[in-house]
Amino acid sequence: MSGLHWLPDDPSWRPRLKALRESAASPQAWSEAVALANLRMDAMQTNALDATVRALFGAALPAGLAAKPIRLALLGTCTMTHLHGAIRVAGLRRGTWIDIYENDYGQYLQELADPASALHAFRPDTVLLALDAHHLCLGLSTAQDLEAHLRERTAHIAECWRLLRQSFRCPVIHQTPLPVHPRLIGLNEHRHPASAAHFIDALNRDLRRLAEDTGVDLLALDGRAARDGLAAWFDPDLWYRAKQEVSPAAAPMFGDLLGRLLAAQQGRSFKCLVLDLDNTIWGGVIGDDGMAGIVLGQGSPLGEAYSAFQGYVRDLVRRGVLLAVCSKNDEATALEPFDAHPDMTLRRADIASFVANWTDKPANLKAIATDLNIGLDSLVFVDDNPVERALVRQELPMVAVPETSDEPIASIRALEDGGYFESIAVTEDDRARTAQYQDNRGREAVKASATDLDSYLLSLDMELTVKPFDTIGLRRTVQLINKTNQFNLTTRRYAEEEIRAVMADPGAIGLQLRLTDRFGDNGTIAVVIGELQEDGDVLIDSWLMSCRVLGRQVESATLNLIAARALKLGGRRLIGEYLPTARNGMVKDHYARLGFTLIETRDDGASRWVLDLAGFTPAKSFLTVTEA
């Protein structure tokens, strides 16, 4: 468990670490550190890599990192210092620098309540609250106490969440306590309600409900311990010696669980699973064995295992993961099982991009990313062939390639344990994502046959529905804000609490836009946040859109809506900002294309733009705009 089995092993890891330690801080050194973090490590190696990176860089980070640094506060009642290195390395694995603050032992509430504390000076942008199981059970003695104790503990935790959001307006993660207490009557412990073991089970159940109601994300260690075994996570001797609820041996996995959750909050989970075919989703080679010869479905243990893997992949698709195929095969031969094999769980309609030819797989993965209009760093590639895996890792290091085998259940374990598709919510738009990409193929077919752009746009029968932020669409709004990277002018990230503040502010603009056309519903495709300033300018704080709708006049129609809202607020000018990142270069000239005038540039490439509303004329488009 602690060895991160889904990552590849490299015998040269230690010499590479030594060479990194002797190098100078540079973008190349950072890239090598990220590469080392993406290899299999135990706890000692993890801490060695962390020490090397901290010695090399300190606070002087190279430019062009994949994500903004994270200021993470660890608050709680147990010792977590031994986990810092693993948390930082988990961030490094995802190209992110993490600064960590931990409260003095047991002082989480005092530091939270004191505006002059070091915690407030740190100004975290994410907080992990970890209250250990022993602390939570203090005072529990009789069956009559249990319900009252449960109410008191959940109320205390909810109040901590409220204070954290009020103080820092940032995402809050709550760590579920581990089930460390011995069972007093055994398998039917729930029949002895005064036991500490039963109380922790009940508390974790209530925490899930409370977190769902309040939008707090859980680091569900109790569920992970149920999978790995408590002994993999908790060492009683170390608890009594050092008050470590999480064992140092489990630190690499702990760090990775937290790291993938932080990445999900930033919208940096992977988006697309790319599968090889032969000996990956079925046994045998379709080109040699034919449909009757491949191993799949009932009748053999291996065939049932391949069906189980396909079922797992299908369920990922249903919750919003894009699926692609990258296979060395003739296309017609590769497609045949998806259309005609009775035991295939996956069907052609599940696949957003299908590439089967004799070109090398790195080139085909590039083609898939282009076809889906996503970055290569959004792809997870599963292939039973170690040679193909090694080639993709070498040529496309930004593509995730889990270490697996030709055993289909190993692929399920690698994908699940690797946490590539970690998500903090599943929305209706997620569930419809593959259908939206399939609909887009119809749009592209019409575009290819159209004689001019105007006739193409007119034929789509597009309707743009605009609504102010509301509680119904809140989860999708927050998701878009935190996962959109390319068409995103500022890439500012916001938690639910901050969007609720926009909803309550009479001087703010908060818009969510949905696009439908004759091919289907594109879902919520754009979010805009604006704020009326004291001088009468309206600052466009955030403007982000799905790349799937580019070139359909949505940009100019959105500007019309922003201008109308700004005028209603009494605004006289629109101020647009562009803050460059490694991913949003496509919108560098966005405001120039819409008629704004440049008023400021900075050395880092950031710019500010202005549009005088007094002289603004709304652009015409082929969209029907409906205000809800």
# chains A, B, ... in the order shown; residues from 1 in each chain; ligands from 1
>>> select_by_dssp(residues="segment 87-156 of chain A", states="strand (DSSP E)", output="list in words")
Ile98, Asp99, Ile100, Tyr101, Glu102, Thr126, Val127, Leu128, Leu129 and Ala130 of chain A
>>> write_last_selection(atoms="C-alpha atoms", output="PDB file, in the first residue's frame")
ATOM      1  CA  ILE A  98       2.715  23.127  -1.448  1.00  0.00           C
ATOM      2  CA  ASP A  99       3.574  25.291   1.577  1.00  0.00           C
ATOM      3  CA  ILE A 100       2.417  23.718   4.851  1.00  0.00           C
ATOM      4  CA  TYR A 101       1.463  25.169   8.210  1.00  0.00           C
ATOM      5  CA  GLU A 102       0.613  22.960  11.194  1.00  0.00           C
ATOM      6  CA  THR A 126      -6.869  25.286   1.750  1.00  0.00           C
ATOM      7  CA  VAL A 127      -7.358  23.812   5.220  1.00  0.00           C
ATOM      8  CA  LEU A 128      -7.286  20.183   6.339  1.00  0.00           C
ATOM      9  CA  LEU A 129      -9.011  19.574   9.682  1.00  0.00           C
ATOM     10  CA  ALA A 130      -7.980  16.292  11.331  1.00  0.00           C
TER      11      ALA A 130
END
>>> closest_atom_pairs(of="segment 248-294 of chain A", to="segment 44-51 of chain A", cutoff="12 Å", atoms="only C-alpha atoms", output="tab-separated table")
residue	atom	partner	partner_atom	distance
A:Pro248	CA	A:Met44	CA	9.3
A:Ala249	CA	A:Met44	CA	8.8
A:Ala250	CA	A:Met44	CA	11.1
A:Ala251	CA	A:Thr46	CA	8.7
A:Pro252	CA	A:Thr46	CA	6.9
A:Met253	CA	A:Thr46	CA	10.6
A:Phe254	CA	A:Thr46	CA	11.8
A:Gly255	CA	A:Thr46	CA	9.9
A:Asp256	CA	A:Thr46	CA	11.1
>>> residues_around(residues="Leu346 of chain A", least_positions_apart="5", cutoff="8 Å", atoms="only C-alpha atoms", output="VMD selection string")
chain A and resid 310 to 311 313 to 314 338
>>> write_last_selection(atoms="C-alpha atoms", output="PDB file, in the first residue's frame")
ATOM      1  CA  GLN A 310     -15.059  -3.048 -19.050  1.00  0.00           C
ATOM      2  CA  GLY A 311     -17.853  -2.549 -16.529  1.00  0.00           C
ATOM      3  CA  VAL A 313     -14.604   1.696 -17.379  1.00  0.00           C
ATOM      4  CA  ARG A 314     -18.246   2.061 -18.422  1.00  0.00           C
ATOM      5  CA  PHE A 338     -17.918  -2.901 -30.092  1.00  0.00           C
TER       6      PHE A 338
END
>>> residues_around(residues="Cys326 of chain A", least_positions_apart="3", cutoff="8 Å", atoms="only C-alpha atoms", output="PyMOL selection string")
chain A and resi 274-277+354-356+361+364-365
>>> closest_residue(among="A:Gly186, A:Gly287, A:Gly320, A:Pro468", to="Glu627 of chain A", atoms="only C-alpha atoms")
A:Pro468
